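Visitor: Shown below is the structure under consideration.
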Amino acid sequence: MSIQENYGNIKNQLPSTVELVAVSKTHSVSAIQEVYDLGQRVFGENKVQELVEKHPLLPKDIQWHLIGHLQTNKVKYIAEFIDTIQSVDSEKLLNEINKEAAKHHRKIKVLLQVKIADEETKFGLEIDEAKNIFQKFVDGAYSNIEITGLMGMATFTDDKDQVGREFQILKDLFDELDKTKTLETLSMGMSDDFPTAISCGANSVRVGSAIFGRRDYSQ
Ligand SMILES: *Cc1c(COP(=O)(O)O)cnc(C)c1O
């Protein structure tokens with residue numbers, strides 16, 4: 001299937017209240033432009049260097065989301081233009097983003113990435129860490145950051161019940177924090193599990209291969 005057909009397919013499956021982040025990592029500038037031309041404006045990349053290379057070659061009204069692990073020493077390369085950093089997994093990183101955003105007189109939107117998967121490899125904050133950081137934000141600690149929501153990745157498994165249980169953990173935390181200060185974005189779900197994520201309350205999904213096709217890491 002073509003990118004155009006894939007994109008139409010995904011859009012048809014998403015309720016209008018659910019935001020689509022088109023995950024374009026490893027895919028070419030021309031493939032991204034093709035999806036842009038179909039009306040997509042929000043794209044996600046997981047590596048700073050790749051994002052910094054693509055960003056100047058594509059339309060300026062793209063809202064770029066960083067969705068991969070971010071090292072503090074790389075924040076400076078994206079602070080000027082990044083729309084949302086979905087992968088905040090430490091307080092140290094949050095402090096750095098706040099500092100770099102201030103240099104550019106911006107407020108950068110961030111999501112706290114919370115560990116919900118039953119896997120050692122996934123980055124993310126523990127639930128209690130996320131609560132503590134959010135409270136500091138509510139108390140005014142980060143003037144150049146807006147914590148707009150939460151992001152999480154479920155375990156890579158065919159067990160839909162397990163995936164659902166993990167997404168539910170994040171949804172519960174979202175509802176709890178939302179009582180203190182309104183949150184906008186609950187980002188969970190990828191190509192293989194976004195329908196489950198949406199049924200668990202996700203209002204933003206990060207879909208890559210179901211739009212762009214399989215990623216080729218061999219080059
Ligand atoms: C690659 C990636 C995605 C998209 O994965 P697909 O399975 O291709 O849809 C979503 N979220 C994160 C954090 C990713 O790194």
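FYI, nothing fancy with the structure tokens labels: chains A, B, ... in order, residues from 1 per chain, ligands from 1 as they appear.
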Within 10 Å of ligand 1, which residues show up when you count only C-alpha atoms and all ligand atoms? List them as a compact mmCIF listing (two decimals) with C-alpha atoms, in the first residue's frame, please.

Guide:
```txt
# COMPACT_ATOMS: atom_id res chain seq x y z
CA VAL A 21 1.74 12.17 15.67
CA ALA A 22 3.24 10.78 12.47
CA VAL A 23 6.48 9.11 13.49
CA SER A 24 8.90 9.74 10.64
CA LYS A 25 12.17 8.45 12.10
CA THR A 26 14.44 6.80 9.48
CA GLY A 44 7.67 12.77 15.68
CA GLU A 45 11.37 11.92 15.56
CA ASN A 46 13.40 10.03 18.13
CA LYS A 47 16.94 11.24 17.45
CA LEU A 66 10.76 14.56 20.11
CA ILE A 67 9.68 11.09 21.21
CA GLY A 68 12.99 9.34 21.94
CA HIS A 69 15.36 9.42 24.88
CA GLN A 86 7.36 13.77 24.82
CA SER A 87 10.21 11.88 26.41
CA GLN A 113 7.34 9.77 30.09
CA LYS A 122 12.13 1.19 28.50
CA PHE A 123 13.04 4.66 29.70
CA MET A 151 3.51 9.59 27.55
CA GLY A 152 3.98 5.87 27.93
CA MET A 153 4.88 2.74 26.02
CA PHE A 156 5.96 -5.29 23.27
CA SER A 187 0.14 10.00 24.49
CA MET A 188 0.03 6.25 24.23
CA GLY A 189 -0.32 3.79 21.41
CA MET A 190 1.79 3.02 18.32
CA SER A 191 1.10 1.19 15.05
CA ASP A 192 0.39 -2.13 16.72
CA ASP A 193 -1.50 -1.05 19.81
CA PHE A 194 -3.16 2.31 19.16
CA VAL A 205 -1.12 8.34 19.28
CA ARG A 206 2.36 7.97 17.78
CA VAL A 207 2.13 6.02 14.55
CA GLY A 208 5.13 5.31 12.34
CA SER A 209 5.30 2.08 10.35
CA ALA A 210 1.55 1.89 9.72
CA ILE A 211 1.94 5.14 7.73
CA PHE A 212 5.46 5.09 6.31
CA GLY A 213 6.00 1.34 6.04
CA ARG A 214 8.64 -0.71 7.77
CA ARG A 215 11.81 0.99 8.92
```

Visitor: Could you find all residues in stretch 1-218 of chain A that DSSP calls alpha helix (DSSP H) from the backbone, and write them as a PyMOL selection string?

Guide: chain A and resi 3-13+29-37+48-54+75-78+91-103+127-138+160-180+194-199+209-212

Visitor: Separation of atom CA of A:Ala197 and atom CA of A:Ile3, in Å?

Guide: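 Atom CA of A:Ile3 lies at a distance of 22.9 Å from atom CA of A:Ala197.
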
Visitor: For atom CA of A:Ile198 and atom CA of A:Asp175, quote the distance in Å rounded to one decimal.

Guide: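 Atom CA of A:Ile198 sits 14.9 Å away from atom CA of A:Asp175.
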
Visitor: Just how far from atom CA of A:Thr185 is atom CA of A:Lys74, in Å to one decimal?

Guide: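 Answer for the atom CA of A:Lys74 to atom CA of A:Thr185 separation: 24.3 Å.
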
Visitor: Of the residues A:Ile147, A:Lys76, A:Leu93, A:Val88, which is the one nearest to A:Lys107, using only C-alpha atoms?

Guide: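 For A:Lys107, the nearest of the given residues is A:Ile147.
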
Visitor: Write out as a VMD selection string each polymer residue whose atoms come within 9 Å of A:Leu14, counting only C-alpha atoms; drop sequence neighbours fewer than 5 positions from it.

Guide: chain A and resid 19 to 20 195 198

Visitor: Keeping only N, CA and C atoms, write the selected residues as a short mmCIF file (atom, residue, chain, number, x, y, z; two decimals), in the first residue's frame.

Guide:
```
data_model
loop_
_atom_site.label_atom_id
_atom_site.label_comp_id
_atom_site.auth_asym_id
_atom_site.auth_seq_id
_atom_site.Cartn_x
_atom_site.Cartn_y
_atom_site.Cartn_z
N GLU A 19 -5.34 13.06 18.55
CA GLU A 19 -4.28 13.65 17.74
C GLU A 19 -3.38 12.54 17.18
N LEU A 20 -2.95 12.75 15.94
CA LEU A 20 -2.01 11.81 15.33
C LEU A 20 -0.63 12.44 15.24
N PRO A 195 -5.32 1.09 18.80
CA PRO A 195 -6.74 0.95 19.13
C PRO A 195 -6.95 0.63 20.63
N ILE A 198 -6.43 3.85 22.60
CA ILE A 198 -7.57 4.78 22.51
C ILE A 198 -8.72 4.29 23.41
#
```

Visitor: Using only C-alpha atoms, which residues sit within 12 Å of A:Lys181 once same-chain residues fewer than 2 positions away are excluded, as a VMD selection string?

Guide: chain A and resid 131 134 to 140 146 to 149 174 to 179 183 to 184

Visitor: So that I have them on file, write out the residues from the current selection with C-alpha atoms, as an mmCIF file, in the first residue's frame.

Guide:
```cif
data_model
loop_
_atom_site.group_PDB
_atom_site.id
_atom_site.type_symbol
_atom_site.label_atom_id
_atom_site.label_comp_id
_atom_site.auth_asym_id
_atom_site.auth_seq_id
_atom_site.Cartn_x
_atom_site.Cartn_y
_atom_site.Cartn_z
ATOM 1 C CA LYS A 131 3.925 12.965 40.693
ATOM 2 C CA PHE A 134 4.374 17.529 38.385
ATOM 3 C CA GLN A 135 3.797 19.027 41.838
ATOM 4 C CA LYS A 136 6.931 21.155 41.484
ATOM 5 C CA PHE A 137 5.653 22.344 38.127
ATOM 6 C CA VAL A 138 2.272 23.201 39.622
ATOM 7 C CA ASP A 139 4.111 25.103 42.377
ATOM 8 C CA GLY A 140 5.802 27.240 39.723
ATOM 9 C CA GLU A 146 4.464 23.631 30.142
ATOM 10 C CA ILE A 147 3.828 20.053 31.257
ATOM 11 C CA THR A 148 0.881 19.262 29.030
ATOM 12 C CA GLY A 149 0.525 15.564 29.683
ATOM 13 C CA PHE A 174 -3.378 11.205 34.125
ATOM 14 C CA ASP A 175 -6.780 11.549 35.807
ATOM 15 C CA GLU A 176 -5.169 12.011 39.215
ATOM 16 C CA LEU A 177 -2.759 14.751 38.077
ATOM 17 C CA ASP A 178 -5.459 16.399 35.995
ATOM 18 C CA LYS A 179 -7.337 17.153 39.225
ATOM 19 C CA LEU A 183 -3.681 18.206 31.406
ATOM 20 C CA GLU A 184 -4.243 18.072 27.654
#
```
